[in-house]
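Trainee: Quick one: the structure is below, and I'll ask about it shortly.
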2 protein chains.
Amino acid sequence: MRPNKKDELVRKALTVFYRDGFHATGMDKLVAETGVSKTSMYKHFRTKEELIVAVLKLRDESFREWFERRVDELADTPADKILASFDALGEWFEEDSYRGCMFINAGAEFNCKDDPIRQEAAHHKQVLLDYFTNLARQAGARDPELLGCRILLLKEGAIVTSSLLGTAQPACDAKETARILLDEALKG
Amino acid sequence: MRPNKKDELVRKALTVFYRDGFHATGMDKLVAETGVSKTSMYKHFRTKEELIVAVLKLRDESFREWFERRVDELADTPADKILASFDALGEWFEEDSYRGCMFINAGAEFNCKDDPIRQEAAHHKQVLLDYFTNLARQAGARDPELLGCRILLLKEGAIVTSSLLGTAQPACDAKETARILLDEALKG
DNA sequence: CTCAAAGTGTACTGGTCGGTAAACTTTTGC
DNA sequence: GCAAAAGTTTACCGACCAGTACACTTTGAG
């Protein structure tokens, strides 16, 4: 149970930060909701910012792990995986606890360019871009980097729209749009 | 100078909220940065939330006014206006003060479903959706609602991506993507 | 069994939060 | 020119903010 308490803190803090936002979540609330004492928190993380960065690192890891696994379950070929990405997103949008993308939210709250929190968010998007670009390459797209960019645009757009309008419909719209882009990238 | 002080307060508060975020901006900072006394603020707006809603209403109005005017300057036909939208966005992304979409940011900070701030954000996106749908209809798209949705997805995706990655490039990517969607919606 | 690491509760700091009270000055309409 | 409306300054409220100090208990490895 040695490294568990720290991980447990990060895991529980993730839930609260995602639900209520970063600035709106004080360390006192975290103490109340995680059951971890404040003293212990500040033994693991020197500042709230350090804790948030740790939370984002966990989120990056666990989201991508879930996402890529789900896509693999839903489709076999690279081209189908690209389309299935939006089915996976749709499932996410329909969760009760869905609150948009944590990295977009973090970027909205911490605007300073060189903020490590913001850099963590940028990193997450970059890794997802690479994921889509790889799928595009494997699918035989004419310009994999370009198709990857476009798929990412659709994904981010679908997240923001579904979150603000409170419907999972954008996932379907994005999927059909992706189909058009995929066809265009594979033809000729 | 009767209605001016209130409008001036909202206008200046907009700048600060956009730059620093909503929760990170206290009323005391607003007093310091706007030159309007706190007493006077609370005479116009009963709560901080009311002020934020007023700020968002102004933002909705002024952003759309700027955006639609700029699009009209850049293109003549409805189809070209859809494409020119992304040129206008690109100009916005390159402004030093660019900090992403204020409504996306507001939605990230205020997550409660029935929060008036969130509803204001949803309204803004809905009005922009209508704008794109109208352009799509005028352009003779097969399914204007569908094309409108897709253009909106690209726009939101470009905003989020450009904001987090700190480059205006997504505007170009989105424009070329929109061209493909437009062709698809006009052909046959 | 023992000792150190890891965890705990409680109380505290100085500063900021959103919001209010009261007494005063300026601006405006008639 | 006079009253009301709109503005101001200053001081204050209780609550919460991030972060610390200290004395205490639990836990795990040798």
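Numbering starts fresh at 1 for the residues of each chain in the structure tokens, the chains themselves are lettered A, B, ... in the order given, and ligands are numbered from 1 as they appear.
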Starting from chain C, keep only residues with some atom at most 8 Å from an atom of chain A, counting only C-alpha atoms (C1' of nucleotides), and report them as a ChimeraX atom specification.
Mentor: /C:6-8
Trainee: Could you save the residues just selected, with C-alpha atoms (C1' of nucleotides), as a PDB file, in the first residue's frame?
Mentor:
```pdb
ATOM      1  C1'  DA C   6       3.976   7.279   5.528  1.00  0.00           C
ATOM      2  C1'  DG C   7      -0.165   8.760   7.100  1.00  0.00           C
ATOM      3  C1'  DT C   8      -3.321  11.331  10.315  1.00  0.00           C
TER       4       DT C   8
END
```
Trainee: Could you list, as a list in words, every residue of chain A that has an atom within 6 Å of an atom of chain B, counting only C-alpha atoms?
Mentor: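 Therefore, the residues near the partner are Gly21, Asn105, Ala108, Glu109, Ala122, Leu153, Leu154, Glu156, Gly157, Ala158, Leu164 and Leu165 of chain A.
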Trainee: Keeping only all heavy atoms, write those residues as a short mmCIF file (atom, residue, chain, number, x, y, z; two decimals), in the first residue's frame.
Mentor:
```
data_model
loop_
_atom_site.label_atom_id
_atom_site.label_comp_id
_atom_site.auth_asym_id
_atom_site.auth_seq_id
_atom_site.Cartn_x
_atom_site.Cartn_y
_atom_site.Cartn_z
N GLY A 21 -14.19 21.51 -12.17
CA GLY A 21 -13.23 22.48 -12.70
C GLY A 21 -12.05 22.65 -11.76
O GLY A 21 -12.09 22.22 -10.60
N ASN A 105 -10.63 21.92 -21.22
CA ASN A 105 -11.05 22.66 -20.03
C ASN A 105 -9.86 23.25 -19.29
O ASN A 105 -9.91 24.39 -18.83
CB ASN A 105 -11.83 21.72 -19.11
CG ASN A 105 -13.13 21.23 -19.73
OD1 ASN A 105 -13.55 21.74 -20.78
ND2 ASN A 105 -13.76 20.25 -19.13
N ALA A 108 -8.60 26.21 -21.01
CA ALA A 108 -9.50 27.35 -20.85
C ALA A 108 -9.25 28.06 -19.52
O ALA A 108 -9.41 29.27 -19.43
CB ALA A 108 -10.95 26.91 -20.93
N GLU A 109 -8.83 27.32 -18.52
CA GLU A 109 -8.65 27.92 -17.19
C GLU A 109 -7.25 28.46 -16.98
O GLU A 109 -7.05 29.38 -16.19
CB GLU A 109 -8.98 26.88 -16.10
CG GLU A 109 -10.45 26.53 -16.03
CD GLU A 109 -10.86 26.08 -14.64
OE1 GLU A 109 -10.52 26.76 -13.65
OE2 GLU A 109 -11.52 25.03 -14.52
N ALA A 122 -1.41 20.54 -24.56
CA ALA A 122 -0.91 20.54 -25.93
C ALA A 122 -0.30 19.18 -26.27
O ALA A 122 -0.50 18.65 -27.36
CB ALA A 122 0.13 21.65 -26.10
N LEU A 153 -9.42 17.70 -36.13
CA LEU A 153 -10.34 18.83 -36.13
C LEU A 153 -11.76 18.37 -35.85
O LEU A 153 -12.49 18.96 -35.04
CB LEU A 153 -10.31 19.56 -37.48
CG LEU A 153 -9.09 20.41 -37.82
CD1 LEU A 153 -9.30 21.10 -39.16
CD2 LEU A 153 -8.86 21.46 -36.73
N LEU A 154 -12.16 17.30 -36.53
CA LEU A 154 -13.52 16.78 -36.34
C LEU A 154 -13.73 16.30 -34.91
O LEU A 154 -14.78 16.55 -34.30
CB LEU A 154 -13.79 15.63 -37.31
CG LEU A 154 -13.93 16.02 -38.78
CD1 LEU A 154 -14.15 14.78 -39.63
CD2 LEU A 154 -15.09 17.00 -38.97
N GLU A 156 -12.14 17.25 -32.11
CA GLU A 156 -12.21 18.38 -31.17
C GLU A 156 -13.53 19.12 -31.33
O GLU A 156 -14.15 19.52 -30.35
CB GLU A 156 -11.03 19.32 -31.37
CG GLU A 156 -9.65 18.70 -31.22
CD GLU A 156 -9.46 17.96 -29.92
OE1 GLU A 156 -10.03 18.39 -28.91
OE2 GLU A 156 -8.74 16.94 -29.92
N GLY A 157 -13.93 19.30 -32.56
CA GLY A 157 -15.20 19.98 -32.82
C GLY A 157 -16.36 19.21 -32.22
O GLY A 157 -17.28 19.80 -31.63
N ALA A 158 -16.34 17.90 -32.37
CA ALA A 158 -17.43 17.07 -31.84
C ALA A 158 -17.47 17.14 -30.32
O ALA A 158 -18.54 17.22 -29.71
CB ALA A 158 -17.26 15.63 -32.31
N LEU A 164 -21.26 21.47 -25.15
CA LEU A 164 -22.04 22.70 -24.98
C LEU A 164 -23.52 22.51 -25.28
O LEU A 164 -24.38 23.06 -24.61
CB LEU A 164 -21.48 23.83 -25.85
CG LEU A 164 -20.25 24.55 -25.30
CD1 LEU A 164 -19.83 25.68 -26.21
CD2 LEU A 164 -20.53 25.09 -23.90
N LEU A 165 -23.82 21.71 -26.30
CA LEU A 165 -25.23 21.53 -26.68
C LEU A 165 -25.87 20.37 -25.94
O LEU A 165 -27.09 20.18 -26.00
CB LEU A 165 -25.36 21.35 -28.19
CG LEU A 165 -24.80 22.51 -29.05
CD1 LEU A 165 -25.10 22.28 -30.52
CD2 LEU A 165 -25.39 23.85 -28.60
#
```
Trainee: I'd like the contact shell of Lys48 (chain B) - 12 Å cut-off, only C-alpha atoms (C1' of nucleotides), skipping same-chain residues fewer than 5 positions apart - returned as a VMD selection string.
Mentor: (chain B and resid 10 13 17 22 to 23 25 to 28 30 38 41 to 43 53 to 55 117) or (chain C and resid 17 to 19)
Trainee: Quick one: write out the picked residues with C-alpha atoms (C1' of nucleotides) as an mmCIF file, in the first residue's frame?
Mentor:
```cif
data_model
loop_
_atom_site.group_PDB
_atom_site.id
_atom_site.type_symbol
_atom_site.label_atom_id
_atom_site.label_comp_id
_atom_site.auth_asym_id
_atom_site.auth_seq_id
_atom_site.Cartn_x
_atom_site.Cartn_y
_atom_site.Cartn_z
ATOM 1 C CA VAL B 10 -19.087 45.364 -19.421
ATOM 2 C CA ALA B 13 -14.729 43.375 -17.900
ATOM 3 C CA PHE B 17 -12.364 37.884 -18.252
ATOM 4 C CA PHE B 22 -13.697 33.850 -15.082
ATOM 5 C CA HIS B 23 -12.839 32.239 -11.773
ATOM 6 C CA THR B 25 -10.782 37.202 -12.140
ATOM 7 C CA GLY B 26 -12.058 38.575 -8.861
ATOM 8 C CA MET B 27 -14.284 41.593 -8.449
ATOM 9 C CA ASP B 28 -11.402 43.444 -6.804
ATOM 10 C CA LEU B 30 -12.153 44.250 -11.991
ATOM 11 C CA LYS B 38 -17.331 48.081 -6.663
ATOM 12 C CA MET B 41 -20.767 47.446 -10.205
ATOM 13 C CA TYR B 42 -23.146 45.890 -7.734
ATOM 14 C CA LYS B 43 -25.680 48.601 -8.510
ATOM 15 C CA VAL B 53 -23.842 36.827 -18.525
ATOM 16 C CA ALA B 54 -23.882 40.466 -19.645
ATOM 17 C CA VAL B 55 -20.295 40.106 -20.829
ATOM 18 C CA ILE B 117 -23.647 31.101 -18.346
ATOM 19 C "C1'" DC C 17 -13.189 35.678 -2.485
ATOM 20 C "C1'" DG C 18 -18.062 37.672 -3.470
ATOM 21 C "C1'" DG C 19 -20.821 40.952 -1.517
#
```
Trainee: Give me the residues near Phe132 (chain B) as a PyMOL selection string, where near means some atom within 9 Å (using only C-alpha atoms (C1' of nucleotides)) and where sequence neighbours in that chain fewer than 2 positions away do not count.
Mentor: chain B and resi 82+127-130+134-137+144-145+147-149+151-152
Trainee: C1' of DT26 (chain D) to CA of Lys6 (chain A): how many Å, to one decimal?
Mentor: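 Between C1' of DT26 (chain D) and CA of Lys6 (chain A) the gap is 16.3 Å.
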Trainee: Taking only C-alpha atoms (C1' of nucleotides) into account, report as a ChimeraX atom specification which residues of chain D lie within 10 Å of chain B.
Mentor: /D:5-9
Trainee: Write out as a VMD selection string all residues of region 41-183 of chain A that DSSP puts in alpha helix (DSSP H) for this structure's backbone.
Mentor: chain A and resid 41 to 44 48 to 74 78 to 93 102 to 109 116 to 139 144 to 165 169 to 183
Trainee: What does the file look like for those residues with C-alpha atoms, as a CSV table (one decimal), in the first residue's frame?
Mentor:
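What landed in out_25.csv:
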```
chain,number,residue,atom,x,y,z
A,41,MET,CA,-1.2,15.8,-0.2
A,42,TYR,CA,1.5,18.4,0.3
A,43,LYS,CA,4.0,15.7,1.0
A,44,HIS,CA,3.4,14.2,-2.4
A,48,LYS,CA,-1.8,22.5,-6.3
A,49,GLU,CA,-0.3,23.0,-9.8
A,50,GLU,CA,1.9,20.0,-9.4
A,51,LEU,CA,-1.1,17.9,-8.4
A,52,ILE,CA,-3.0,19.2,-11.4
A,53,VAL,CA,-0.2,18.2,-13.8
A,54,ALA,CA,-0.1,14.7,-12.2
A,55,VAL,CA,-3.9,14.5,-12.7
A,56,LEU,CA,-3.5,15.5,-16.4
A,57,LYS,CA,-0.7,12.9,-16.9
A,58,LEU,CA,-3.0,10.2,-15.6
A,59,ARG,CA,-5.9,11.5,-17.7
A,60,ASP,CA,-3.8,11.5,-20.8
A,61,GLU,CA,-2.7,7.9,-20.1
A,62,SER,CA,-6.0,6.4,-19.1
A,63,PHE,CA,-8.1,8.2,-21.8
A,64,ARG,CA,-5.8,7.1,-24.6
A,65,GLU,CA,-5.7,3.6,-23.2
A,66,TRP,CA,-9.5,3.4,-23.1
A,67,PHE,CA,-9.9,5.1,-26.4
A,68,GLU,CA,-7.5,3.0,-28.4
A,69,ARG,CA,-8.7,-0.2,-26.8
A,70,ARG,CA,-12.3,0.6,-27.6
A,71,VAL,CA,-11.4,1.5,-31.2
A,72,ASP,CA,-9.6,-1.8,-31.6
A,73,GLU,CA,-12.7,-3.6,-30.3
A,74,LEU,CA,-15.0,-1.8,-32.7
A,78,PRO,CA,-7.1,1.1,-40.1
A,79,ALA,CA,-9.8,2.9,-42.2
A,80,ASP,CA,-12.6,1.4,-40.1
A,81,LYS,CA,-10.7,2.3,-37.0
A,82,ILE,CA,-10.7,6.0,-38.0
A,83,LEU,CA,-14.5,5.8,-38.4
A,84,ALA,CA,-14.9,3.8,-35.2
A,85,SER,CA,-13.1,6.5,-33.3
A,86,PHE,CA,-16.3,8.5,-33.6
A,87,ASP,CA,-18.4,5.7,-32.3
A,88,ALA,CA,-16.1,5.5,-29.3
A,89,LEU,CA,-16.4,9.2,-28.8
A,90,GLY,CA,-20.2,8.9,-29.0
A,91,GLU,CA,-20.2,6.4,-26.2
A,92,TRP,CA,-18.1,8.8,-24.1
A,93,PHE,CA,-20.5,11.7,-24.9
A,102,MET,CA,-10.3,17.8,-19.6
A,103,PHE,CA,-7.4,19.2,-21.6
A,104,ILE,CA,-9.6,21.7,-23.4
A,105,ASN,CA,-11.1,22.7,-20.0
A,106,ALA,CA,-7.6,23.0,-18.5
A,107,GLY,CA,-6.5,25.1,-21.4
A,108,ALA,CA,-9.5,27.4,-20.8
A,109,GLU,CA,-8.7,27.9,-17.2
A,116,PRO,CA,3.0,23.5,-17.6
A,117,ILE,CA,-0.7,22.7,-17.4
A,118,ARG,CA,-1.2,24.1,-20.8
A,119,GLN,CA,1.8,22.3,-22.2
A,120,GLU,CA,0.4,19.1,-20.8
A,121,ALA,CA,-2.8,19.8,-22.7
A,122,ALA,CA,-0.9,20.5,-25.9
A,123,HIS,CA,1.0,17.3,-25.5
A,124,HIS,CA,-2.2,15.3,-25.2
A,125,LYS,CA,-3.5,16.7,-28.5
A,126,GLN,CA,-0.2,16.1,-30.2
A,127,VAL,CA,-0.2,12.5,-29.2
A,128,LEU,CA,-3.8,12.0,-30.5
A,129,LEU,CA,-2.8,13.7,-33.7
A,130,ASP,CA,0.0,11.2,-34.1
A,131,TYR,CA,-2.4,8.4,-33.4
A,132,PHE,CA,-4.8,9.5,-36.2
A,133,THR,CA,-1.9,10.2,-38.6
A,134,ASN,CA,-0.6,6.7,-38.1
A,135,LEU,CA,-4.0,5.2,-38.8
A,136,ALA,CA,-4.3,7.3,-41.9
A,137,ARG,CA,-0.9,6.1,-43.0
A,138,GLN,CA,-1.8,2.5,-42.4
A,139,ALA,CA,-5.0,3.0,-44.3
A,144,PRO,CA,-1.5,10.9,-43.9
A,145,GLU,CA,-0.5,14.0,-42.0
A,146,LEU,CA,-3.2,16.0,-43.6
A,147,LEU,CA,-5.9,13.4,-43.0
A,148,GLY,CA,-4.7,13.1,-39.4
A,149,CYS,CA,-5.1,16.9,-38.9
A,150,ARG,CA,-8.6,16.8,-40.4
A,151,ILE,CA,-9.7,13.9,-38.2
A,152,LEU,CA,-8.4,15.7,-35.2
A,153,LEU,CA,-10.3,18.8,-36.1
A,154,LEU,CA,-13.5,16.8,-36.3
A,155,LYS,CA,-12.8,15.1,-33.0
A,156,GLU,CA,-12.2,18.4,-31.2
A,157,GLY,CA,-15.2,20.0,-32.8
A,158,ALA,CA,-17.4,17.1,-31.8
A,159,ILE,CA,-16.2,17.2,-28.2
A,160,VAL,CA,-16.9,20.9,-27.9
A,161,THR,CA,-20.2,20.9,-29.6
A,162,SER,CA,-21.5,17.8,-27.8
A,163,SER,CA,-20.5,19.3,-24.5
A,164,LEU,CA,-22.0,22.7,-25.0
A,165,LEU,CA,-25.2,21.5,-26.7
A,169,GLN,CA,-25.3,13.8,-32.1
A,170,PRO,CA,-22.0,15.5,-33.1
A,171,ALA,CA,-20.3,12.2,-32.9
A,172,CYS,CA,-22.5,10.9,-35.7
A,173,ASP,CA,-22.1,14.0,-37.8
A,174,ALA,CA,-18.3,13.9,-37.4
A,175,LYS,CA,-18.3,10.2,-38.3
A,176,GLU,CA,-20.1,10.7,-41.6
A,177,THR,CA,-17.9,13.7,-42.3
A,178,ALA,CA,-14.8,11.6,-41.6
A,179,ARG,CA,-16.1,9.1,-44.1
A,180,ILE,CA,-16.1,11.7,-46.8
A,181,LEU,CA,-12.6,12.8,-46.0
A,182,LEU,CA,-11.4,9.2,-45.9
A,183,ASP,CA,-12.9,8.5,-49.3
```
Trainee: Do you know which residues are at most 12 Å from DC2 (chain D) counting only C-alpha atoms (C1' of nucleotides), after dropping those on the same chain fewer than 6 positions away, and could you put them as a list in words?
Mentor: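 Here the answer would be DT28, DG29 and DC30 of chain C.
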